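Below is final05.cif, holding mmCIF, C-alpha atoms.
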data_my_file
#
loop_
_atom_site.label_atom_id
_atom_site.label_comp_id
_atom_site.auth_asym_id
_atom_site.auth_seq_id
_atom_site.Cartn_x
_atom_site.Cartn_y
_atom_site.Cartn_z
CA MET P 1 -0.76 16.83 -66.60
CA LYS P 2 -0.70 13.19 -67.65
CA ALA P 3 -3.79 11.09 -66.97
CA VAL P 4 -5.35 7.83 -68.03
CA GLU P 5 -8.87 8.26 -69.40
CA TYR P 6 -11.35 6.71 -71.79
CA VAL P 7 -13.83 8.18 -74.26
CA ALA P 8 -15.96 5.04 -74.72
CA PHE P 9 -16.98 2.11 -72.54
CA GLY P 10 -15.37 -1.25 -73.17
CA LYS P 11 -12.44 -3.51 -72.33
CA SER P 12 -9.14 -2.34 -70.89
CA ASN P 13 -7.90 -1.28 -74.33
CA VAL P 14 -10.13 1.83 -74.13
CA LEU P 15 -7.76 3.25 -71.51
CA GLU P 16 -5.43 5.87 -72.96
CA LEU P 17 -2.58 7.89 -71.47
CA LYS P 18 -3.12 11.53 -72.40
CA GLN P 19 -2.10 15.08 -71.56
CA VAL P 20 -5.09 16.88 -70.03
CA ASP P 21 -5.66 20.12 -68.15
CA ARG P 22 -4.80 20.20 -64.47
CA PRO P 23 -8.04 20.49 -62.44
CA GLY P 24 -8.94 23.79 -60.79
CA ILE P 25 -10.14 23.88 -57.20
CA LYS P 26 -13.23 25.32 -55.54
CA GLU P 27 -13.15 27.19 -52.25
CA ASP P 28 -13.71 24.00 -50.20
CA GLU P 29 -11.27 21.83 -52.16
CA VAL P 30 -7.58 20.95 -52.15
CA LEU P 31 -5.34 20.09 -55.10
CA ILE P 32 -3.28 16.96 -54.50
CA LYS P 33 -0.18 15.98 -56.47
CA ILE P 34 -0.71 12.24 -56.56
CA LYS P 35 2.08 9.81 -55.73
CA ALA P 36 0.01 6.61 -55.82
CA THR P 37 -3.46 5.33 -56.56
CA THR P 38 -4.92 1.82 -56.80
CA VAL P 39 -7.11 -0.34 -59.00
CA ASN P 40 -10.50 -1.23 -57.52
CA PRO P 41 -13.10 -3.63 -58.97
CA LEU P 42 -15.47 -0.67 -59.33
CA ASP P 43 -13.06 0.85 -61.86
CA MET P 44 -13.75 -1.97 -64.31
CA LYS P 45 -17.51 -2.01 -63.72
CA ILE P 46 -17.66 1.68 -64.57
CA ARG P 47 -15.33 1.26 -67.56
CA GLU P 48 -17.53 -1.48 -69.01
CA GLY P 49 -20.66 0.65 -68.63
CA TYR P 50 -22.36 -1.59 -66.06
CA MET P 51 -22.86 1.21 -63.53
CA GLN P 52 -24.42 3.81 -65.81
CA LYS P 53 -27.91 3.40 -64.38
CA MET P 54 -26.74 3.52 -60.76
CA ILE P 55 -23.85 5.99 -60.93
CA PRO P 56 -23.67 7.51 -64.42
CA VAL P 57 -20.42 9.10 -65.60
CA GLN P 58 -19.74 11.56 -68.38
CA LEU P 59 -17.14 10.72 -71.00
CA PRO P 60 -14.25 11.27 -71.26
CA PHE P 61 -13.69 9.84 -67.78
CA ILE P 62 -10.57 9.50 -65.63
CA PRO P 63 -11.00 6.46 -63.35
CA GLY P 64 -9.72 5.92 -59.83
CA SER P 65 -11.22 5.91 -56.35
CA ASP P 66 -8.31 6.71 -54.04
CA ALA P 67 -5.06 8.60 -53.92
CA ALA P 68 -2.11 9.45 -51.72
CA GLY P 69 0.08 12.46 -52.30
CA VAL P 70 1.01 16.01 -51.31
CA ILE P 71 -1.28 19.04 -51.18
CA GLU P 72 -0.18 21.60 -53.75
CA ALA P 73 -2.95 24.21 -53.37
CA ILE P 74 -5.95 24.89 -51.14
CA GLY P 75 -9.26 26.72 -51.56
CA SER P 76 -10.14 29.87 -49.64
CA LYS P 77 -12.40 28.03 -47.17
CA VAL P 78 -9.99 25.18 -46.39
CA THR P 79 -8.93 25.36 -42.72
CA ARG P 80 -7.89 21.87 -41.58
CA LEU P 81 -5.22 21.19 -44.22
CA LYS P 82 -2.34 23.19 -45.70
CA VAL P 83 -0.01 23.18 -48.68
CA GLY P 84 2.71 20.56 -48.23
CA ASP P 85 0.63 18.18 -46.13
CA GLU P 86 1.05 14.49 -47.02
CA VAL P 87 -2.47 13.13 -47.36
CA PHE P 88 -4.67 10.34 -48.63
CA THR P 89 -8.26 10.35 -49.84
CA THR P 90 -11.13 8.53 -51.48
CA SER P 91 -13.01 9.98 -54.43
CA PHE P 92 -15.31 9.00 -57.26
CA GLY P 93 -13.07 9.05 -60.31
CA GLY P 94 -10.08 11.20 -61.17
CA SER P 95 -7.11 9.54 -59.49
CA TYR P 96 -5.45 7.87 -62.50
CA ALA P 97 -3.67 11.20 -62.96
CA GLU P 98 -0.88 13.45 -61.71
CA TYR P 99 -3.29 15.77 -59.88
CA ILE P 100 -6.76 15.59 -58.36
CA ALA P 101 -9.06 18.20 -56.82
CA VAL P 102 -10.95 16.85 -53.79
CA LYS P 103 -13.16 18.37 -51.11
CA GLU P 104 -11.30 18.93 -47.84
CA GLU P 105 -13.97 16.83 -46.11
CA GLN P 106 -12.71 13.73 -47.98
CA VAL P 107 -9.01 14.14 -47.19
CA ALA P 108 -7.05 12.83 -44.20
CA LEU P 109 -3.42 13.27 -43.21
CA LYS P 110 -1.26 10.33 -44.27
CA PRO P 111 0.01 8.33 -41.31
CA SER P 112 3.72 8.99 -40.84
CA ASN P 113 4.51 5.28 -40.43
CA VAL P 114 3.36 4.23 -43.93
CA SER P 115 4.47 4.99 -47.48
CA PHE P 116 2.35 6.74 -50.10
CA ASN P 117 1.76 3.35 -51.73
CA GLU P 118 0.55 1.86 -48.46
CA ALA P 119 -1.68 4.86 -47.71
CA ALA P 120 -3.30 4.62 -51.15
CA SER P 121 -3.87 0.90 -50.63
CA LEU P 122 -5.75 1.58 -47.39
CA ALA P 123 -7.99 4.49 -48.41
CA VAL P 124 -10.94 2.62 -49.93
CA PRO P 125 -10.63 -0.33 -47.50
CA PHE P 126 -10.64 2.02 -44.47
CA ALA P 127 -13.71 3.89 -45.71
CA THR P 128 -15.54 0.71 -46.72
CA ALA P 129 -14.75 -1.15 -43.51
CA TYR P 130 -15.95 1.84 -41.45
CA ASN P 131 -19.18 2.05 -43.46
CA VAL P 132 -19.92 -1.66 -43.03
CA LEU P 133 -18.74 -2.33 -39.48
CA VAL P 134 -19.22 0.98 -37.69
CA GLU P 135 -21.59 3.39 -39.39
CA ILE P 136 -24.22 0.91 -40.61
CA GLY P 137 -23.33 -2.36 -38.90
CA ALA P 138 -22.60 -1.07 -35.39
CA LEU P 139 -20.54 -4.21 -34.76
CA LYS P 140 -19.96 -4.86 -31.07
CA ALA P 141 -17.29 -6.70 -29.11
CA GLY P 142 -18.23 -10.34 -28.61
CA GLN P 143 -20.39 -10.60 -31.70
CA LYS P 144 -19.68 -13.24 -34.34
CA ILE P 145 -19.11 -12.03 -37.91
CA LEU P 146 -18.72 -13.97 -41.18
CA ILE P 147 -16.66 -12.12 -43.80
CA HIS P 148 -16.82 -13.36 -47.39
CA GLY P 149 -13.68 -12.48 -49.34
CA ALA P 150 -11.57 -12.17 -46.20
CA ALA P 151 -8.20 -12.21 -48.01
CA GLY P 152 -8.92 -9.43 -50.51
CA ALA P 153 -7.73 -5.87 -50.07
CA VAL P 154 -11.02 -4.68 -48.54
CA GLY P 155 -11.79 -7.99 -46.84
CA GLY P 156 -8.41 -8.06 -45.12
CA VAL P 157 -9.00 -4.64 -43.57
CA ILE P 158 -12.53 -5.63 -42.53
CA VAL P 159 -11.04 -8.69 -40.79
CA GLN P 160 -8.52 -6.55 -38.92
CA MET P 161 -11.02 -3.82 -38.01
CA ALA P 162 -13.56 -6.39 -36.79
CA LYS P 163 -10.88 -7.99 -34.58
CA ALA P 164 -9.88 -4.58 -33.25
CA ILE P 165 -13.52 -3.96 -32.31
CA GLY P 166 -13.48 -7.26 -30.43
CA ALA P 167 -15.58 -9.51 -32.65
CA TYR P 168 -15.13 -13.23 -33.29
CA VAL P 169 -14.18 -13.39 -36.98
CA ILE P 170 -14.90 -16.18 -39.44
CA GLY P 171 -13.66 -15.62 -42.99
CA THR P 172 -13.94 -17.32 -46.36
CA ALA P 173 -10.94 -17.41 -48.69
CA SER P 174 -9.05 -19.82 -50.93
CA GLY P 175 -5.48 -20.84 -51.80
CA ILE P 176 -2.82 -18.70 -50.16
CA GLY P 177 -5.61 -16.40 -49.01
CA VAL P 178 -6.49 -18.90 -46.29
CA ALA P 179 -3.16 -18.45 -44.52
CA MET P 180 -3.17 -14.72 -45.22
CA ALA P 181 -6.59 -14.16 -43.62
CA LYS P 182 -5.50 -16.26 -40.64
CA ASN P 183 -2.37 -14.11 -40.28
CA LEU P 184 -4.56 -11.01 -40.29
CA GLY P 185 -6.26 -12.32 -37.18
CA ALA P 186 -9.33 -14.27 -38.31
CA ASP P 187 -10.39 -16.83 -35.71
CA GLU P 188 -11.61 -19.32 -38.32
CA ILE P 189 -11.03 -19.55 -42.06
CA ILE P 190 -13.12 -21.58 -44.47
CA ASP P 191 -11.62 -22.54 -47.85
CA TYR P 192 -14.63 -21.95 -50.08
CA LYS P 193 -13.18 -24.11 -52.86
CA THR P 194 -13.12 -27.24 -50.72
CA GLN P 195 -15.63 -26.45 -47.96
CA ASP P 196 -19.20 -25.19 -47.89
CA PHE P 197 -19.57 -22.50 -45.23
CA ILE P 198 -23.25 -23.28 -44.82
CA ASN P 199 -22.29 -26.63 -43.23
CA LEU P 200 -19.72 -25.08 -40.90
CA VAL P 201 -21.27 -21.80 -39.74
CA LYS P 202 -24.46 -21.04 -37.85
CA ASP P 203 -26.01 -18.33 -35.69
CA VAL P 204 -23.68 -15.50 -36.64
CA ASP P 205 -24.67 -11.95 -35.73
CA PHE P 206 -23.32 -10.36 -38.88
CA VAL P 207 -22.38 -11.22 -42.47
CA ALA P 208 -20.11 -8.87 -44.42
CA ASP P 209 -20.65 -9.80 -48.07
CA LEU P 210 -17.89 -8.88 -50.50
CA VAL P 211 -18.76 -11.63 -53.00
CA GLY P 212 -22.47 -11.52 -53.88
CA GLY P 213 -24.34 -14.05 -56.00
CA GLU P 214 -25.11 -17.47 -54.55
CA THR P 215 -22.77 -16.84 -51.62
CA GLN P 216 -24.92 -13.91 -50.53
CA ILE P 217 -28.16 -15.88 -50.91
CA LYS P 218 -26.86 -18.80 -48.84
CA SER P 219 -25.59 -16.43 -46.14
CA PHE P 220 -29.13 -15.69 -44.93
CA GLU P 221 -29.28 -19.25 -43.59
CA VAL P 222 -26.33 -18.84 -41.22
CA LEU P 223 -27.56 -15.65 -39.55
CA LYS P 224 -29.30 -15.70 -36.20
CA LYS P 225 -32.70 -14.01 -36.01
CA GLY P 226 -32.21 -10.26 -35.77
CA GLY P 227 -28.80 -10.50 -37.43
CA LYS P 228 -27.41 -8.29 -40.20
CA LEU P 229 -26.24 -8.94 -43.74
CA LEU P 230 -24.44 -6.00 -45.31
CA SER P 231 -23.12 -6.17 -48.88
CA ILE P 232 -20.84 -3.87 -50.83
CA VAL P 233 -21.35 -5.69 -54.15
CA MET P 234 -25.10 -6.13 -54.72
CA PRO P 235 -28.44 -5.31 -53.03
CA PRO P 236 -29.64 -8.25 -50.88
CA SER P 237 -33.11 -9.74 -51.22
CA ASP P 238 -35.80 -8.04 -49.12
CA GLU P 239 -37.87 -11.21 -49.33
CA LEU P 240 -35.11 -13.37 -47.87
CA ALA P 241 -34.45 -10.80 -45.16
CA GLU P 242 -38.10 -10.94 -44.14
CA LYS P 243 -38.18 -14.75 -44.34
CA PHE P 244 -35.17 -15.16 -42.02
CA GLY P 245 -35.98 -12.24 -39.74
CA VAL P 246 -32.79 -10.31 -40.41
CA THR P 247 -31.69 -6.89 -41.65
CA ALA P 248 -30.12 -6.84 -45.11
CA GLN P 249 -28.69 -3.80 -46.87
CA PHE P 250 -26.46 -2.68 -49.71
CA VAL P 251 -23.82 -0.28 -48.36
CA SER P 252 -22.63 2.73 -50.32
CA LEU P 253 -21.96 5.93 -48.38
CA PRO P 254 -20.18 9.22 -49.10
CA PRO P 255 -16.49 9.56 -48.17
CA SER P 256 -15.17 11.56 -45.24
CA HIS P 257 -11.86 12.14 -43.51
CA LYS P 258 -13.35 10.85 -40.24
CA LYS P 259 -13.72 7.36 -41.73
CA LEU P 260 -10.09 7.37 -42.82
CA GLU P 261 -8.95 8.70 -39.43
CA PHE P 262 -10.73 5.84 -37.63
CA GLY P 263 -8.55 3.43 -39.61
CA VAL P 264 -5.44 5.56 -39.05
CA LYS P 265 -5.80 5.21 -35.27
CA LEU P 266 -5.90 1.41 -35.60
CA LEU P 267 -2.96 1.50 -38.01
CA GLU P 268 -0.88 3.53 -35.57
CA GLN P 269 -1.75 1.06 -32.80
CA GLY P 270 -0.47 -1.80 -34.97
CA LYS P 271 -3.94 -3.34 -35.32
CA ILE P 272 -4.15 -2.89 -39.10
CA LYS P 273 -1.49 -3.29 -41.76
CA ALA P 274 -1.46 -2.67 -45.51
CA SER P 275 -1.42 -5.44 -48.10
CA ILE P 276 0.06 -4.75 -51.53
CA ALA P 277 0.05 -7.44 -54.21
CA LYS P 278 1.93 -5.59 -56.98
CA THR P 279 3.18 -2.14 -57.92
CA ILE P 280 2.83 -0.91 -61.52
CA LYS P 281 3.40 2.44 -63.25
CA LEU P 282 0.37 4.54 -64.22
CA GLU P 283 1.26 4.02 -67.87
CA GLN P 284 0.41 0.31 -67.47
CA ALA P 285 -3.09 0.97 -66.06
CA ALA P 286 -4.75 -1.36 -68.59
CA GLN P 287 -2.48 -4.25 -67.58
CA ALA P 288 -3.17 -3.50 -63.91
CA GLN P 289 -6.93 -3.55 -64.44
CA ASP P 290 -6.68 -6.88 -66.28
CA LEU P 291 -4.76 -8.36 -63.35
CA VAL P 292 -7.50 -7.32 -60.93
CA SER P 293 -10.23 -8.58 -63.28
CA ALA P 294 -8.52 -11.98 -63.45
CA GLY P 295 -8.96 -12.35 -59.69
CA GLY P 296 -6.92 -14.33 -57.19
CA LEU P 297 -5.01 -11.34 -55.83
CA ASN P 298 -4.44 -10.94 -52.12
CA GLY P 299 -3.84 -7.24 -51.65
CA LYS P 300 -3.95 -4.10 -53.76
CA ILE P 301 -2.51 -3.29 -57.16
CA ILE P 302 -0.76 0.06 -56.83
CA LEU P 303 -0.38 2.52 -59.70
CA GLU P 304 2.66 4.71 -59.04
CA ILE P 305 2.67 8.20 -60.51
CA ASN P 306 5.95 10.02 -61.16
#
Serialized structure, structure tokens:
Amino acid sequence: MKAVEYVAFGKSNVLELKQVDRPGIKEDEVLIKIKATTVNPLDMKIREGYMQKMIPVQLPFIPGSDAAGVIEAIGSKVTRLKVGDEVFTTSFGGSYAEYIAVKEEQVALKPSNVSFNEAASLAVPFATAYNVLVEIGALKAGQKILIHGAAGAVGGVIVQMAKAIGAYVIGTASGIGVAMAKNLGADEIIDYKTQDFINLVKDVDFVADLVGGETQIKSFEVLKKGGKLLSIVMPPSDELAEKFGVTAQFVSLPPSHKKLEFGVKLLEQGKIKASIAKTIKLEQAAQAQDLVSAGGLNGKIILEIN
């Protein structure tokens, strides 16, 4: 099968299109013929070697954290899925390729009302939004949430899921992202390039941090006592959490089909929609990663696999 992999850490030029062996499957796994995957910021952090202490990978490595496609084979203990099912999934590595072997537990049926490209674009955002808002955050209707990076691929789904739960949503974005986040249902949008959220927001129940750095540090000041700050980009300060009397946590949890299915229900109810910025062939994976690294995208970069 064809796959994009690298044998050394570095810039995007380490990515190479190669012919590699098709993966075998274990008894609890399915083999998916991939139609589409996406580029996530984590792909570049791993490629540059920054994640080796936290989540080490062995080289050569095929990147990619999500996929949509058709099941081609199943293991002997697989019961929920069958050959021919159209599915989508999240994984750690392996999806910049024609095929991927994934545990059945991680795979959900693709919603019939979206394309493979759209399903791939929603896999990581669905799982991440569920982790932040439901599994760890336990967001409730009527609570006020501040979402940093509200117009990004993950941020946009977090906005929509938070609204579906019944929260009051404040988002930060810039440029065309301001209108986009508003269209996704945010009640208030702050343009972080011209406005300082710390002067406009106070006493929120929840901060969803997709930005990190100084933005995360300043966010402690806008939380009410007993509030929550959950980040998917960097561990928050325990000292600041204690100082402001809030809960602060870095969120990284294993994938499961139940997390994807929670998003599917909202998608089928018209409460969540996909956002795709650009579609590129797998062969141009390096170019696609550079586009994501440059920033400013509102929506996912799709890698199509033929």
Next item on the list: Would you write out, as a count of residues only, every residue that the PyMOL selection byres ((chain P and resi 178-190) around 8) captures in this file?
Entry: 22
Notebook entry, point to check: Which residue gives the smallest distance to Val134 in chain P among P:Lys258, P:Arg80, P:Lys278, P:Lys2, with only C-alpha atoms counted?
Noted result: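 Among the listed residues, the smallest separation from Val134 in chain P belongs to P:Lys258.
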Next item on the list: For the file shown, report as an NGL selection string the outcome of the PyMOL selection byres ((chain P and resi 12) around 9) at residue level.
Entry: :P and (10-11 or 13-15 or 44 or 47-48 or 285-287 or 289-290)
Checklist line | 10 Å contact set for range 112-127 of chain P, all atoms listed in the file, chain neighbours under 6 positions out, as an NGL selection string | finding: :P and (34-40 or 65-70 or 86-91 or 152-158 or 161 or 253-264 or 267-268 or 272-277 or 279 or 299-304)
Notebook entry, point to check: Can you list, as a count of residues only, every protein, DNA or RNA residue that comes within 12 Å of Gly142 in chain P when you count all atoms listed in the file, leaving out same-chain residues fewer than 6 positions away?
Noted result: 11
Notebook entry, point to check: What separation in Å, quoted to one decimal, exists between CA of Glu242 in chain P and CA of Leu42 in chain P?
Noted result: 29.1 Å
Next item on the list: Apply the PyMOL selection byres ((chain P and resi 250) around 8) to the file shown and report the selected residues as a list in words.
Entry: Leu230, Ser231, Ile232, Val233, Met234, Pro235, Pro236, Ala248, Gln249, Val251 and Ser252 of chain P
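One distance worth recording is that between CA of Lys18 in chain P and CA of Gly93 in chain P, which is 15.9 Å.
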Check: What is the CA of Glu105 in chain P-CA of Val57 in chain P distance in Å, reported with one decimal?
Finding: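 Interatomic distance, CA of Glu105 in chain P to CA of Val57 in chain P: 21.9 Å.
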Next item on the list: Select, from P:Phe9, P:Ala3, P:Lys224, P:Val246, the residue with the minimum atom-to-atom distance to Val201 in chain P, counting only C-alpha atoms.
Entry: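 Smallest distance to Val201 in chain P is found for P:Lys224.
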Check: Restricting the calculation to only C-alpha atoms, which member of P:Ala129, P:Leu146, P:Ile280, P:Glu5 is positioned closest to Ile198 in chain P?
Finding: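 Checking each of P:Ala129, P:Leu146, P:Ile280, P:Glu5 against Ile198 in chain P, counting only C-alpha atoms, the winner is P:Leu146.
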Notebook entry, point to check: Of the candidates P:Ile71, P:Ile217, P:Leu31, P:Ala8, which shows the shortest atom-to-atom distance to Leu109 in chain P, using all atoms listed in the file?
Noted result: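 Checking each of P:Ile71, P:Ile217, P:Leu31, P:Ala8 against Leu109 in chain P, counting all atoms listed in the file, the winner is P:Ile71.
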